[in-house]
Amino acid sequence: MISKEEILSRTGCNKANLDLHYDSLVETCEKYSINTDKRFAAFFSNILHETAMLSTFEENLNYSKAGLLATFPRRFNEALAVKYARNPELIANHVYGGRYGNNTDGDGWKYRGRGGFQYTFKDNYKLVSKVLKVDFVANPDLLKEQPYAMLSSGFFWQTRKLNELADAEKLDSICASINGGYNGLQHRKGLYNKLI
């Protein structure tokens with residue numbers, strides 16, 4: 001794993017943000033065998049992208065009408081996009097409600113994306129609670145705090161066998177596994193190339 005100083009010089013990451021998260025990053029990489037240059041670059045480039053360069057470990061759901069139509073084309077038509085635009089709680093409940101354990105009104109918002117890879121849905125919060133031995137179901141905001149934000153990302157990485165994809169430099173497949181698509185793929189690849 002490269003040093004904190006190298007990360008700062010290669011990525012332009014904010015020093016204060018990196019200082020807050022670096023120890024948890026090191027712990028996570030050790031725990032989940034993210035222990036080669038390729039693995040680290042693939043893991044951390046995706047963390048940087050998903051967290052807006054370590055500035056937030058919580059999903060930004062403040063979408064405009066156009067943003068809703070582009071990001072969630074199967075969930076919004078023009079009329080719904082106008083109604084829900086710029087209302088993060090309504091958006092979360094609409095997009096995430098009624099599936100994967102989100103069966104109570106408000107669960108979409110309560111279990112919105114948090115952590116380095118934006119865990120969503122109550123079922124996923126239950127799973128990561130069991131693994132990290134912390135009750136994220138009752139205390140969902142803990143998932144955006146360290147060390148849990150980083151450790152949950154390492155667990156996600158391990159369960160999806162992303163070390164193997166990193167070894168093969170399958171960056172598109174890693175992006176799809178984390179994001180469900182290819183949003184931000186070029187940014188992720190650019191960061192990877194700076195970190196490798």
# chains A, B, ... in the order shown; residues from 1 in each chain; ligands from 1
>>> closest_atom_pairs(of="segment 75-160 of chain A", to="segment 9-27 of chain A", cutoff="7 Å", atoms="only C-alpha atoms", output="Markdown table")
| residue | atom | partner | partner_atom | distance |
| --- | --- | --- | --- | --- |
| A:Gln146 | CA | A:Ser24 | CA | 6.4 |
| A:Pro147 | CA | A:Ser24 | CA | 5.0 |
| A:Met150 | CA | A:Ser24 | CA | 6.1 |
>>> write_last_selection(atoms="all heavy atoms", output="mmCIF file, in the first residue's frame")
data_model
loop_
_atom_site.group_PDB
_atom_site.id
_atom_site.type_symbol
_atom_site.label_atom_id
_atom_site.label_comp_id
_atom_site.auth_asym_id
_atom_site.auth_seq_id
_atom_site.Cartn_x
_atom_site.Cartn_y
_atom_site.Cartn_z
ATOM 1 N N GLN A 146 -15.983 6.072 10.727
ATOM 2 C CA GLN A 146 -14.852 5.140 10.714
ATOM 3 C C GLN A 146 -14.758 4.447 12.069
ATOM 4 O O GLN A 146 -15.131 5.041 13.063
ATOM 5 C CB GLN A 146 -13.558 5.873 10.397
ATOM 6 C CG GLN A 146 -13.528 6.492 9.028
ATOM 7 C CD GLN A 146 -13.719 5.502 7.880
ATOM 8 O OE1 GLN A 146 -13.776 4.286 8.050
ATOM 9 N NE2 GLN A 146 -13.850 6.041 6.691
ATOM 10 N N PRO A 147 -14.339 3.202 12.114
ATOM 11 C CA PRO A 147 -13.767 2.439 11.013
ATOM 12 C C PRO A 147 -14.808 1.731 10.142
ATOM 13 O O PRO A 147 -14.460 1.086 9.153
ATOM 14 C CB PRO A 147 -12.891 1.400 11.729
ATOM 15 C CG PRO A 147 -13.652 1.107 12.984
ATOM 16 C CD PRO A 147 -14.261 2.445 13.388
ATOM 17 N N MET A 150 -15.181 2.178 6.191
ATOM 18 C CA MET A 150 -14.132 1.532 5.402
ATOM 19 C C MET A 150 -14.222 0.011 5.523
ATOM 20 O O MET A 150 -14.125 -0.711 4.518
ATOM 21 C CB MET A 150 -12.765 2.032 5.860
ATOM 22 C CG MET A 150 -11.705 2.052 4.805
ATOM 23 S SD MET A 150 -12.022 3.076 3.349
ATOM 24 C CE MET A 150 -11.566 4.701 3.893
#
>>> atom_distance(atom1="atom CA of Asn193 of chain A", atom2="atom CA of Lys4 of chain A")
16.7 Å
>>> closest_atom_pairs(of="segment 146-166 of chain A", to="segment 120-138 of chain A", cutoff="10 Å", atoms="only C-alpha atoms", output="Markdown table")
| residue | atom | partner | partner_atom | distance |
| --- | --- | --- | --- | --- |
| A:Tyr148 | CA | A:Leu132 | CA | 7.7 |
| A:Leu151 | CA | A:Leu132 | CA | 7.9 |
| A:Ser152 | CA | A:Val128 | CA | 6.6 |
| A:Ser153 | CA | A:Val128 | CA | 9.7 |
| A:Phe155 | CA | A:Val128 | CA | 7.9 |
| A:Phe156 | CA | A:Val128 | CA | 8.7 |
>>> write_last_selection(atoms="C-alpha atoms", output="PDB file, in the first residue's frame")
ATOM      1  CA  TYR A 148     -17.129   1.038   9.863  1.00  0.00           C
ATOM      2  CA  LEU A 151     -14.502  -1.958   6.936  1.00  0.00           C
ATOM      3  CA  SER A 152     -17.949  -2.392   5.403  1.00  0.00           C
ATOM      4  CA  SER A 153     -16.394  -1.571   2.035  1.00  0.00           C
ATOM      5  CA  PHE A 155     -16.413  -6.771   3.408  1.00  0.00           C
ATOM      6  CA  PHE A 156     -18.331  -5.798   0.257  1.00  0.00           C
TER       7      PHE A 156
END
>>> closest_residue(among="A:Glu89, A:Arg75, A:Ile196, A:Leu48", to="Ala166 of chain A", atoms="only C-alpha atoms")
A:Ile196
>>> closest_atom_pairs(of="segment 44-126 of chain A", to="segment 168-187 of chain A", cutoff="9 Å", atoms="only C-alpha atoms", output="CSV")
residue,atom,partner,partner_atom,distance
A:Ser45,CA,A:His187,CA,8.5
A:Asn46,CA,A:Cys175,CA,7.5
A:His49,CA,A:His187,CA,7.1
A:Glu50,CA,A:Asn179,CA,8.7
A:Thr71,CA,A:Asn183,CA,8.9
A:Phe117,CA,A:Ile178,CA,6.5
A:Gln118,CA,A:Ile178,CA,8.6
>>> write_last_selection(atoms="N, CA, C and O atoms", output="PDB file, in the first residue's frame")
ATOM      1  N   SER A  45      -9.422   3.673  -5.574  1.00  0.00           N
ATOM      2  CA  SER A  45      -9.961   4.565  -6.615  1.00  0.00           C
ATOM      3  C   SER A  45     -11.487   4.562  -6.573  1.00  0.00           C
ATOM      4  O   SER A  45     -12.125   5.605  -6.769  1.00  0.00           O
ATOM      5  N   ASN A  46     -12.081   3.412  -6.285  1.00  0.00           N
ATOM      6  CA  ASN A  46     -13.535   3.342  -6.178  1.00  0.00           C
ATOM      7  C   ASN A  46     -14.041   3.985  -4.896  1.00  0.00           C
ATOM      8  O   ASN A  46     -15.086   4.646  -4.899  1.00  0.00           O
ATOM      9  N   HIS A  49     -13.961   7.722  -5.577  1.00  0.00           N
ATOM     10  CA  HIS A  49     -15.066   8.149  -6.429  1.00  0.00           C
ATOM     11  C   HIS A  49     -16.389   8.160  -5.660  1.00  0.00           C
ATOM     12  O   HIS A  49     -17.129   9.143  -5.700  1.00  0.00           O
ATOM     13  N   GLU A  50     -16.691   7.070  -4.970  1.00  0.00           N
ATOM     14  CA  GLU A  50     -17.978   6.933  -4.296  1.00  0.00           C
ATOM     15  C   GLU A  50     -18.158   7.933  -3.150  1.00  0.00           C
ATOM     16  O   GLU A  50     -19.279   8.250  -2.786  1.00  0.00           O
ATOM     17  N   THR A  71     -30.527   9.033 -13.897  1.00  0.00           N
ATOM     18  CA  THR A  71     -29.987   8.067 -12.945  1.00  0.00           C
ATOM     19  C   THR A  71     -30.925   6.896 -12.688  1.00  0.00           C
ATOM     20  O   THR A  71     -30.482   5.761 -12.517  1.00  0.00           O
ATOM     21  N   PHE A 117     -18.831   2.240  -0.031  1.00  0.00           N
ATOM     22  CA  PHE A 117     -19.479   1.761  -1.245  1.00  0.00           C
ATOM     23  C   PHE A 117     -21.002   1.894  -1.174  1.00  0.00           C
ATOM     24  O   PHE A 117     -21.723   1.232  -1.908  1.00  0.00           O
ATOM     25  N   GLN A 118     -21.476   2.738  -0.283  1.00  0.00           N
ATOM     26  CA  GLN A 118     -22.898   3.121  -0.244  1.00  0.00           C
ATOM     27  C   GLN A 118     -23.840   1.932  -0.068  1.00  0.00           C
ATOM     28  O   GLN A 118     -24.671   1.638  -0.925  1.00  0.00           O
TER      29      GLN A 118
END
>>> select_by_dssp(residues="segment 58-151 of chain A", states="helix (DSSP H, G or I)", output="compact mmCIF listing (two decimals) with N, CA and C atoms, in the first residue's frame")
# COMPACT_ATOMS: atom_id res chain seq x y z
N LYS A 65 -34.71 17.18 -11.63
CA LYS A 65 -35.58 16.38 -12.51
C LYS A 65 -34.74 15.63 -13.55
N ALA A 66 -33.83 16.33 -14.20
CA ALA A 66 -32.99 15.70 -15.21
C ALA A 66 -32.11 14.61 -14.60
N GLY A 67 -31.60 14.85 -13.41
CA GLY A 67 -30.77 13.87 -12.72
C GLY A 67 -31.55 12.60 -12.39
N LEU A 68 -32.78 12.75 -11.97
CA LEU A 68 -33.62 11.59 -11.66
C LEU A 68 -33.88 10.77 -12.92
N LEU A 69 -34.20 11.44 -14.01
CA LEU A 69 -34.50 10.73 -15.26
C LEU A 69 -33.26 10.02 -15.80
N ALA A 70 -32.09 10.61 -15.61
CA ALA A 70 -30.85 10.00 -16.10
C ALA A 70 -30.38 8.87 -15.20
N THR A 71 -30.53 9.03 -13.90
CA THR A 71 -29.99 8.07 -12.94
C THR A 71 -30.92 6.90 -12.69
N GLU A 78 -41.47 11.69 -16.45
CA GLU A 78 -41.41 13.17 -16.36
C GLU A 78 -42.21 13.70 -15.17
N ALA A 79 -43.44 13.24 -15.03
CA ALA A 79 -44.32 13.76 -13.97
C ALA A 79 -43.78 13.45 -12.58
N LEU A 80 -43.32 12.21 -12.38
CA LEU A 80 -42.76 11.85 -11.07
C LEU A 80 -41.47 12.61 -10.79
N ALA A 81 -40.65 12.78 -11.81
CA ALA A 81 -39.39 13.49 -11.64
C ALA A 81 -39.62 14.93 -11.20
N VAL A 82 -40.64 15.58 -11.74
CA VAL A 82 -40.98 16.95 -11.33
C VAL A 82 -41.41 16.95 -9.87
N LYS A 83 -42.24 15.98 -9.48
CA LYS A 83 -42.77 15.91 -8.12
C LYS A 83 -41.68 15.63 -7.08
N TYR A 84 -40.70 14.78 -7.43
CA TYR A 84 -39.71 14.33 -6.46
C TYR A 84 -38.40 15.12 -6.48
N PRO A 88 -34.61 14.73 -1.25
CA PRO A 88 -33.87 13.49 -1.03
C PRO A 88 -34.64 12.39 -0.28
N GLU A 89 -35.41 12.76 0.73
CA GLU A 89 -36.12 11.75 1.49
C GLU A 89 -37.20 11.07 0.65
N LEU A 90 -37.95 11.85 -0.11
CA LEU A 90 -38.97 11.27 -1.00
C LEU A 90 -38.32 10.38 -2.06
N ILE A 91 -37.21 10.85 -2.61
CA ILE A 91 -36.50 10.08 -3.63
C ILE A 91 -36.05 8.74 -3.06
N ALA A 92 -35.42 8.76 -1.89
CA ALA A 92 -34.93 7.52 -1.29
C ALA A 92 -36.06 6.54 -1.03
N ASN A 93 -37.16 7.03 -0.49
CA ASN A 93 -38.29 6.14 -0.19
C ASN A 93 -38.90 5.56 -1.47
N HIS A 94 -38.91 6.35 -2.53
CA HIS A 94 -39.44 5.87 -3.81
C HIS A 94 -38.51 4.84 -4.46
N VAL A 95 -37.21 5.15 -4.47
CA VAL A 95 -36.24 4.30 -5.16
C VAL A 95 -35.95 3.02 -4.38
N TYR A 96 -35.84 3.12 -3.06
CA TYR A 96 -35.39 1.98 -2.25
C TYR A 96 -36.50 1.31 -1.44
N ASP A 107 -38.31 3.36 5.29
CA ASP A 107 -37.09 2.54 5.26
C ASP A 107 -36.15 2.91 4.12
N GLY A 108 -36.69 3.36 3.00
CA GLY A 108 -35.83 3.76 1.89
C GLY A 108 -34.87 4.86 2.31
N TRP A 109 -35.38 5.82 3.05
CA TRP A 109 -34.56 6.93 3.54
C TRP A 109 -33.65 6.46 4.68
N LYS A 110 -34.21 5.68 5.59
CA LYS A 110 -33.45 5.22 6.76
C LYS A 110 -32.25 4.38 6.33
N LYS A 122 -32.26 -2.43 4.08
CA LYS A 122 -32.21 -2.99 5.43
C LYS A 122 -31.56 -4.37 5.46
N ASP A 123 -31.83 -5.21 4.47
CA ASP A 123 -31.22 -6.54 4.44
C ASP A 123 -29.69 -6.45 4.43
N ASN A 124 -29.15 -5.50 3.68
CA ASN A 124 -27.69 -5.32 3.65
C ASN A 124 -27.17 -4.75 4.96
N TYR A 125 -27.94 -3.86 5.57
CA TYR A 125 -27.55 -3.33 6.88
C TYR A 125 -27.52 -4.45 7.92
N LYS A 126 -28.47 -5.37 7.84
CA LYS A 126 -28.49 -6.53 8.76
C LYS A 126 -27.25 -7.39 8.55
N LEU A 127 -26.92 -7.65 7.30
CA LEU A 127 -25.77 -8.49 6.99
C LEU A 127 -24.47 -7.89 7.50
N VAL A 128 -24.25 -6.63 7.21
CA VAL A 128 -23.00 -6.01 7.63
C VAL A 128 -22.98 -5.82 9.16
N SER A 129 -24.15 -5.70 9.78
CA SER A 129 -24.24 -5.66 11.25
C SER A 129 -23.72 -6.95 11.84
N LYS A 130 -24.13 -8.05 11.26
CA LYS A 130 -23.72 -9.38 11.74
C LYS A 130 -22.21 -9.56 11.60
N VAL A 131 -21.67 -9.13 10.47
CA VAL A 131 -20.25 -9.33 10.20
C VAL A 131 -19.37 -8.43 11.07
N LEU A 132 -19.74 -7.15 11.19
CA LEU A 132 -18.91 -6.21 11.94
C LEU A 132 -19.30 -6.12 13.41
N PRO A 140 -28.22 3.37 11.86
CA PRO A 140 -27.69 3.37 10.48
C PRO A 140 -26.59 4.41 10.23
N ASP A 141 -26.61 5.53 10.93
CA ASP A 141 -25.60 6.55 10.68
C ASP A 141 -24.19 6.11 11.08
N LEU A 142 -24.08 5.08 11.92
CA LEU A 142 -22.75 4.57 12.27
C LEU A 142 -22.01 4.04 11.05
N LEU A 143 -22.75 3.65 10.03
CA LEU A 143 -22.12 3.09 8.84
C LEU A 143 -21.36 4.13 8.03
N LYS A 144 -21.57 5.40 8.32
CA LYS A 144 -20.80 6.43 7.62
C LYS A 144 -19.62 6.93 8.46
N TYR A 148 -16.09 1.86 10.50
CA TYR A 148 -17.13 1.04 9.86
C TYR A 148 -17.33 1.35 8.39
N ALA A 149 -17.22 2.61 8.01
CA ALA A 149 -17.42 2.98 6.61
C ALA A 149 -16.41 2.25 5.72
N MET A 150 -15.18 2.18 6.19
CA MET A 150 -14.13 1.53 5.40
C MET A 150 -14.22 0.01 5.52
N LEU A 151 -14.43 -0.50 6.74
CA LEU A 151 -14.50 -1.96 6.94
C LEU A 151 -15.67 -2.57 6.18
>>> residues_around(residues="Thr36 of chain A", least_positions_apart="6", cutoff="10 Å", atoms="only C-alpha atoms", output="ChimeraX atom specification")
/A:1-2,29,42,163,166-167,196
>>> residues_around(residues="Asn87 of chain A", least_positions_apart="6", cutoff="8 Å", atoms="only C-alpha atoms", output="VMD selection string")
chain A and resid 61 to 63
